[in-house]
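Content type PDB, C-alpha atoms, from the file query01.pdb:
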ATOM      1  CA  VAL V   1     -57.651  -3.412 -40.586  1.00  0.00           C
ATOM      2  CA  PRO V   2     -56.596  -6.787 -39.184  1.00  0.00           C
ATOM      3  CA  HIS V   3     -58.623  -8.208 -36.281  1.00  0.00           C
ATOM      4  CA  PHE V   4     -57.405 -10.061 -33.200  1.00  0.00           C
ATOM      5  CA  CYS V   5     -60.433 -12.280 -32.557  1.00  0.00           C
ATOM      6  CA  ILE V   6     -60.852 -14.059 -29.250  1.00  0.00           C
ATOM      7  CA  PHE V   7     -63.381 -16.899 -29.245  1.00  0.00           C
ATOM      8  CA  LEU V   8     -64.655 -17.875 -25.813  1.00  0.00           C
ATOM      9  CA  ALA V   9     -67.555 -18.974 -23.662  1.00  0.00           C
ATOM     10  CA  SER V  10     -68.870 -16.205 -21.420  1.00  0.00           C
ATOM     11  CA  SER V  11     -69.886 -18.738 -18.761  1.00  0.00           C
ATOM     12  CA  ALA V  12     -66.430 -20.327 -18.529  1.00  0.00           C
ATOM     13  CA  PRO V  13     -64.196 -19.803 -15.480  1.00  0.00           C
ATOM     14  CA  TYR V  14     -61.409 -18.269 -17.623  1.00  0.00           C
ATOM     15  CA  TYR V  15     -63.713 -15.646 -19.188  1.00  0.00           C
ATOM     16  CA  SER V  16     -63.037 -12.586 -17.015  1.00  0.00           C
ATOM     17  CA  ARG V  17     -59.270 -13.191 -16.826  1.00  0.00           C
ATOM     18  CA  VAL V  18     -58.871 -13.623 -20.593  1.00  0.00           C
ATOM     19  CA  ARG V  19     -61.195 -10.719 -21.342  1.00  0.00           C
ATOM     20  CA  HIS V  20     -59.210  -8.452 -19.013  1.00  0.00           C
ATOM     21  CA  ALA V  21     -55.925  -9.473 -20.686  1.00  0.00           C
ATOM     22  CA  VAL V  22     -57.272  -8.742 -24.186  1.00  0.00           C
ATOM     23  CA  ASN V  23     -58.725  -5.378 -23.097  1.00  0.00           C
ATOM     24  CA  SER V  24     -55.416  -4.358 -21.494  1.00  0.00           C
ATOM     25  CA  VAL V  25     -53.460  -5.195 -24.629  1.00  0.00           C
ATOM     26  CA  ALA V  26     -56.013  -3.373 -26.792  1.00  0.00           C
ATOM     27  CA  LYS V  27     -55.520  -0.219 -24.723  1.00  0.00           C
ATOM     28  CA  ARG V  28     -51.725  -0.474 -24.833  1.00  0.00           C
ATOM     29  CA  MET V  29     -51.740  -1.056 -28.592  1.00  0.00           C
ATOM     30  CA  SER V  30     -54.323   1.570 -29.477  1.00  0.00           C
ATOM     31  CA  ASN V  31     -51.758   3.238 -31.767  1.00  0.00           C
ATOM     32  CA  ARG V  32     -51.757   0.154 -34.050  1.00  0.00           C
ATOM     33  CA  GLU V  33     -54.178  -0.411 -36.902  1.00  0.00           C
ATOM     34  CA  LEU V  34     -55.733  -3.453 -35.290  1.00  0.00           C
ATOM     35  CA  ALA V  35     -59.187  -4.259 -33.956  1.00  0.00           C
ATOM     36  CA  PHE V  36     -59.634  -6.490 -30.910  1.00  0.00           C
ATOM     37  CA  VAL V  37     -62.876  -8.456 -31.130  1.00  0.00           C
ATOM     38  CA  GLU V  38     -64.497 -10.698 -28.510  1.00  0.00           C
ATOM     39  CA  ILE V  39     -66.742 -13.414 -29.951  1.00  0.00           C
ATOM     40  CA  THR V  40     -68.688 -15.530 -27.483  1.00  0.00           C
ATOM     41  CA  THR V  41     -70.485 -18.779 -28.253  1.00  0.00           C
ATOM     42  CA  ARG V  42     -73.665 -16.734 -28.613  1.00  0.00           C
ATOM     43  CA  TRP V  43     -72.557 -15.879 -32.167  1.00  0.00           C
ATOM     44  CA  ALA V  44     -72.819 -19.274 -33.903  1.00  0.00           C
ATOM     45  CA  GLN V  45     -72.655 -17.846 -37.444  1.00  0.00           C
ATOM     46  CA  VAL V  46     -69.320 -16.165 -36.749  1.00  0.00           C
ATOM     47  CA  TYR V  47     -67.851 -19.452 -35.521  1.00  0.00           C
ATOM     48  CA  LYS V  48     -69.153 -21.141 -38.660  1.00  0.00           C
ATOM     49  CA  PHE V  49     -67.640 -18.415 -40.887  1.00  0.00           C
ATOM     50  CA  PHE V  50     -64.192 -19.110 -39.420  1.00  0.00           C
ATOM     51  CA  HIS V  51     -64.691 -22.910 -39.505  1.00  0.00           C
ATOM     52  CA  LEU V  52     -64.663 -23.185 -35.718  1.00  0.00           C
ATOM     53  CA  HIS V  53     -66.873 -25.527 -33.724  1.00  0.00           C
ATOM     54  CA  MET V  54     -68.390 -23.740 -30.756  1.00  0.00           C
ATOM     55  CA  GLU V  55     -70.041 -26.924 -29.514  1.00  0.00           C
ATOM     56  CA  HIS V  56     -66.550 -28.065 -28.478  1.00  0.00           C
ATOM     57  CA  GLU V  57     -66.231 -25.674 -25.548  1.00  0.00           C
ATOM     58  CA  ASP V  58     -63.243 -27.672 -24.311  1.00  0.00           C
ATOM     59  CA  GLU V  59     -61.357 -26.197 -27.303  1.00  0.00           C
ATOM     60  CA  LEU V  60     -62.070 -22.661 -26.114  1.00  0.00           C
ATOM     61  CA  PRO V  61     -60.735 -20.113 -25.662  1.00  0.00           C
ATOM     62  CA  THR V  62     -58.965 -19.768 -28.936  1.00  0.00           C
ATOM     63  CA  ALA V  63     -57.710 -16.724 -30.779  1.00  0.00           C
ATOM     64  CA  LEU V  64     -57.110 -15.870 -34.409  1.00  0.00           C
ATOM     65  CA  LEU V  65     -55.540 -12.841 -35.958  1.00  0.00           C
ATOM     66  CA  VAL V  66     -57.394 -12.240 -39.213  1.00  0.00           C
ATOM     67  CA  ASN V  67     -55.891 -10.212 -42.036  1.00  0.00           C
ATOM     68  CA  TRP V  68     -58.718  -9.200 -44.364  1.00  0.00           C
ATOM     69  CA  THR V  69     -56.766  -9.270 -47.635  1.00  0.00           C
ATOM     70  CA  SER V  70     -59.934  -8.759 -49.729  1.00  0.00           C
ATOM     71  CA  GLY V  71     -61.819  -6.414 -47.408  1.00  0.00           C
ATOM     72  CA  MET V  72     -63.511  -7.115 -44.082  1.00  0.00           C
ATOM     73  CA  GLY V  73     -65.817 -10.098 -44.148  1.00  0.00           C
ATOM     74  CA  ASN V  74     -64.717 -11.170 -47.626  1.00  0.00           C
ATOM     75  CA  ARG V  75     -62.840 -14.235 -48.693  1.00  0.00           C
ATOM     76  CA  PRO V  76     -60.025 -14.918 -49.192  1.00  0.00           C
ATOM     77  CA  PHE V  77     -58.447 -13.794 -45.945  1.00  0.00           C
ATOM     78  CA  LYS V  78     -55.479 -14.983 -43.923  1.00  0.00           C
ATOM     79  CA  LYS V  79     -55.816 -16.449 -40.435  1.00  0.00           C
ATOM     80  CA  TYR V  80     -53.030 -16.744 -37.894  1.00  0.00           C
ATOM     81  CA  GLN V  81     -53.728 -18.959 -34.885  1.00  0.00           C
ATOM     82  CA  PHE V  82     -52.551 -18.070 -31.410  1.00  0.00           C
ATOM     83  CA  GLY V  83     -51.228 -21.295 -29.853  1.00  0.00           C
ATOM     84  CA  GLU V  84     -53.285 -24.462 -30.196  1.00  0.00           C
ATOM     85  CA  ALA V  85     -57.043 -24.644 -29.754  1.00  0.00           C
ATOM     86  CA  GLY V  86     -57.973 -25.678 -26.231  1.00  0.00           C
ATOM     87  CA  ASN V  87     -54.540 -24.985 -24.730  1.00  0.00           C
ATOM     88  CA  GLU V  88     -54.786 -21.226 -24.754  1.00  0.00           C
ATOM     89  CA  SER V  89     -56.559 -20.361 -21.531  1.00  0.00           C
ATOM     90  CA  ALA V  90     -53.312 -20.305 -19.581  1.00  0.00           C
ATOM     91  CA  LEU V  91     -51.392 -18.780 -22.497  1.00  0.00           C
ATOM     92  CA  LEU V  92     -53.752 -15.885 -23.168  1.00  0.00           C
ATOM     93  CA  ASP V  93     -52.041 -13.365 -20.961  1.00  0.00           C
ATOM     94  CA  GLU V  94     -51.113  -9.787 -21.766  1.00  0.00           C
ATOM     95  CA  ASP V  95     -47.458 -10.361 -22.614  1.00  0.00           C
ATOM     96  CA  ARG V  96     -48.079 -13.327 -24.914  1.00  0.00           C
ATOM     97  CA  ILE V  97     -50.939 -11.587 -26.735  1.00  0.00           C
ATOM     98  CA  GLU V  98     -48.872  -8.454 -27.259  1.00  0.00           C
ATOM     99  CA  ASN V  99     -45.891 -10.485 -28.469  1.00  0.00           C
ATOM    100  CA  PHE V 100     -48.117 -12.407 -30.907  1.00  0.00           C
ATOM    101  CA  VAL V 101     -49.443  -9.148 -32.366  1.00  0.00           C
ATOM    102  CA  ASN V 102     -45.943  -7.673 -32.646  1.00  0.00           C
ATOM    103  CA  VAL V 103     -44.682 -10.788 -34.452  1.00  0.00           C
ATOM    104  CA  PHE V 104     -47.641 -10.468 -36.853  1.00  0.00           C
ATOM    105  CA  PHE V 105     -46.778  -6.851 -37.661  1.00  0.00           C
ATOM    106  CA  SER V 106     -43.116  -7.755 -38.191  1.00  0.00           C
ATOM    107  CA  GLY V 107     -44.163 -10.436 -40.720  1.00  0.00           C
ATOM    108  CA  GLY V 108     -43.013 -13.352 -38.581  1.00  0.00           C
ATOM    109  CA  LEU V 109     -46.232 -15.407 -38.450  1.00  0.00           C
ATOM    110  CA  LYS V 110     -47.219 -18.139 -40.882  1.00  0.00           C
ATOM    111  CA  PRO V 111     -50.878 -18.273 -41.969  1.00  0.00           C
ATOM    112  CA  LEU V 112     -53.010 -21.115 -40.669  1.00  0.00           C
ATOM    113  CA  VAL V 113     -53.490 -23.695 -43.424  1.00  0.00           C
ATOM    114  CA  ARG V 114     -55.984 -26.480 -42.854  1.00  0.00           C
ATOM    115  CA  SER V 115     -55.136 -28.803 -45.725  1.00  0.00           C
ATOM    116  CA  GLN V 116     -52.504 -31.195 -46.966  1.00  0.00           C
ATOM    117  CA  PRO V 117     -49.927 -30.059 -49.514  1.00  0.00           C
ATOM    118  CA  VAL V 118     -51.384 -29.987 -53.014  1.00  0.00           C
ATOM    119  CA  GLU V 119     -49.821 -31.698 -56.035  1.00  0.00           C
ATOM    120  CA  GLN V 120     -48.634 -29.311 -58.742  1.00  0.00           C
ATOM    121  CA  VAL V 121     -48.388 -31.738 -61.667  1.00  0.00           C
ATOM    122  CA  LEU V 122     -51.213 -34.102 -62.544  1.00  0.00           C
ATOM    123  CA  SER V 123     -48.833 -36.860 -63.661  1.00  0.00           C
ATOM    124  CA  ASP V 124     -47.244 -36.793 -60.185  1.00  0.00           C
ATOM    125  CA  TYR V 125     -50.589 -37.309 -58.487  1.00  0.00           C
ATOM    126  CA  SER V 126     -51.107 -40.355 -56.321  1.00  0.00           C
ATOM    127  CA  PRO V 127     -54.420 -40.619 -54.418  1.00  0.00           C
ATOM    128  CA  SER V 128     -52.572 -41.712 -51.292  1.00  0.00           C
ATOM    129  CA  SER V 129     -50.407 -38.574 -51.283  1.00  0.00           C
ATOM    130  CA  GLY V 130     -53.054 -35.849 -50.949  1.00  0.00           C
ATOM    131  CA  ALA V 131     -55.053 -33.409 -53.052  1.00  0.00           C
ATOM    132  CA  MET V 132     -54.367 -31.831 -56.437  1.00  0.00           C
ATOM    133  CA  ARG V 133     -54.326 -28.149 -57.333  1.00  0.00           C
TER     134      ARG V 133
END
The structure in this file should be written as structure tokens.
Amino acid sequence: VPHFCIFLASSAPYYSRVRHAVNSVAKRMSNRELAFVEITTRWAQVYKFFHLHMEHEDELPTALLVNWTSGMGNRPFKKYQFGEAGNESALLDEDRIENFVNVFFSGGLKPLVRSQPVEQVLSDYSPSSGAMR
């Protein structure tokens, strides 16, 4: 079951508004095979697992939709980022969250990739161009 994960600081001014929006969407989409998960900065290991930095509270809230392609909690998995980290407080409203989830289920989202393109052929490799596969 994919998870819509919202990462936020419970002491932040946006907390109750964003939490309410996520809960409302979760209720409306209860017929979907999707879990809505709230992860506050209290859970440092979860942030680390997803390669997020909770010490940068100015980058919160942020949201990821996680598709557990190898079973929950196992790598590899696919992540889809909602908006851009740190700019989401105003964007995390009910309509935008629901639209994001619907686009995911229709196959219209691209997975989050945090690397440069990788060279396919060793002879084409130039250190200034990026990594090799």
Original post:
Counting only C-alpha atoms, which of V:Gly73, V:Ala21, V:Ser16, V:Glu94 gets nearest to Phe49 of chain V?
Top reply: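 Of V:Gly73, V:Ala21, V:Ser16, V:Glu94, the one nearest Phe49 of chain V is V:Gly73, counting only C-alpha atoms.
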List the residues matched by the PyMOL selection byres ((chain V and resi 80) around 8) in the displayed structure as a CSV table (one decimal) with C-alpha atoms, in the frame of the given file, ordered by chain and then by residue number.
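The result, written out as result09.csv:
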chain,number,residue,atom,x,y,z
V,64,LEU,CA,-57.1,-15.9,-34.4
V,65,LEU,CA,-55.5,-12.8,-36.0
V,66,VAL,CA,-57.4,-12.2,-39.2
V,78,LYS,CA,-55.5,-15.0,-43.9
V,79,LYS,CA,-55.8,-16.4,-40.4
V,81,GLN,CA,-53.7,-19.0,-34.9
V,82,PHE,CA,-52.6,-18.1,-31.4
V,109,LEU,CA,-46.2,-15.4,-38.4
V,110,LYS,CA,-47.2,-18.1,-40.9
V,111,PRO,CA,-50.9,-18.3,-42.0
V,112,LEU,CA,-53.0,-21.1,-40.7
Original post:
Looking at all atoms listed in the file, which of V:Tyr14, V:Asn74, V:Gln45, V:Glu33 is the one that sits closest to Phe104 of chain V?
Top reply: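 Checking each candidate against Phe104 of chain V, we get V:Glu33 as the closest.
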Original post:
Rounded to one decimal in Å, what is the spacing between atom CA of Thr62 of chain V and atom CA of Asn31 of chain V?
Top reply: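 Between atom CA of Thr62 of chain V and atom CA of Asn31 of chain V the gap is 24.3 Å.
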Subject >> V:Leu91, V:Leu8, V:Ile39, V:Ala44 ranked by distance to Glu59 of chain V, top pick (using only C-alpha atoms) >> reply: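 Going through V:Leu91, V:Leu8, V:Ile39, V:Ala44 one by one, the smallest distance to Glu59 of chain V is for V:Leu8.
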Original post:
Could you spell out the hits of the PyMOL selection byres ((chain V and resi 26) around 10) on the shown file, as a ChimeraX atom specification?
Top reply: /V:4,20-25,27-32,34-37,94,97-98
File dump, residues just selected, C-alpha atoms, as a PDB file, in the coordinates of the input:
ATOM      1  CA  PHE V   4     -57.405 -10.061 -33.200  1.00  0.00           C
ATOM      2  CA  HIS V  20     -59.210  -8.452 -19.013  1.00  0.00           C
ATOM      3  CA  ALA V  21     -55.925  -9.473 -20.686  1.00  0.00           C
ATOM      4  CA  VAL V  22     -57.272  -8.742 -24.186  1.00  0.00           C
ATOM      5  CA  ASN V  23     -58.725  -5.378 -23.097  1.00  0.00           C
ATOM      6  CA  SER V  24     -55.416  -4.358 -21.494  1.00  0.00           C
ATOM      7  CA  VAL V  25     -53.460  -5.195 -24.629  1.00  0.00           C
ATOM      8  CA  LYS V  27     -55.520  -0.219 -24.723  1.00  0.00           C
ATOM      9  CA  ARG V  28     -51.725  -0.474 -24.833  1.00  0.00           C
ATOM     10  CA  MET V  29     -51.740  -1.056 -28.592  1.00  0.00           C
ATOM     11  CA  SER V  30     -54.323   1.570 -29.477  1.00  0.00           C
ATOM     12  CA  ASN V  31     -51.758   3.238 -31.767  1.00  0.00           C
ATOM     13  CA  ARG V  32     -51.757   0.154 -34.050  1.00  0.00           C
ATOM     14  CA  LEU V  34     -55.733  -3.453 -35.290  1.00  0.00           C
ATOM     15  CA  ALA V  35     -59.187  -4.259 -33.956  1.00  0.00           C
ATOM     16  CA  PHE V  36     -59.634  -6.490 -30.910  1.00  0.00           C
ATOM     17  CA  VAL V  37     -62.876  -8.456 -31.130  1.00  0.00           C
ATOM     18  CA  GLU V  94     -51.113  -9.787 -21.766  1.00  0.00           C
ATOM     19  CA  ILE V  97     -50.939 -11.587 -26.735  1.00  0.00           C
ATOM     20  CA  GLU V  98     -48.872  -8.454 -27.259  1.00  0.00           C
TER      21      GLU V  98
END
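You can rank V:Pro2, V:Gly83, V:Gly108, V:Pro13 by their closest distance to Ser70 of chain V using only C-alpha atoms, and at the top of that list sits V:Pro2.
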Subject >> Closest of V:Ala63, V:Val18, V:Met72, V:Val113 to Val101 of chain V - atom-to-atom distances counting only C-alpha atoms >> reply: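 Ranked by minimum distance to Val101 of chain V, first place goes to V:Ala63.
For the structure in this document, the set picked by the PyMOL selection byres ((chain V and resi 54) around 10) is Phe7, Leu8, Ala9, Thr40, Thr41, Arg42, Trp43, Ala44, Gln45, Val46, Tyr47, Lys48, His51, Leu52, His53, Glu55, His56, Glu57, Asp58, Glu59, Leu60 and Pro61 of chain V.
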**OP:** Calculate how many Å separate atom CA of Phe105 of chain V from atom CA of Ser10 of chain V, rounding to one decimal.
**Re:**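 That distance, rounded to one decimal, is 29.0 Å.
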Original post:
Which distance in Å separates atom CA of Glu38 of chain V and atom CA of Phe77 of chain V, to one decimal?
Top reply: 18.7 Å
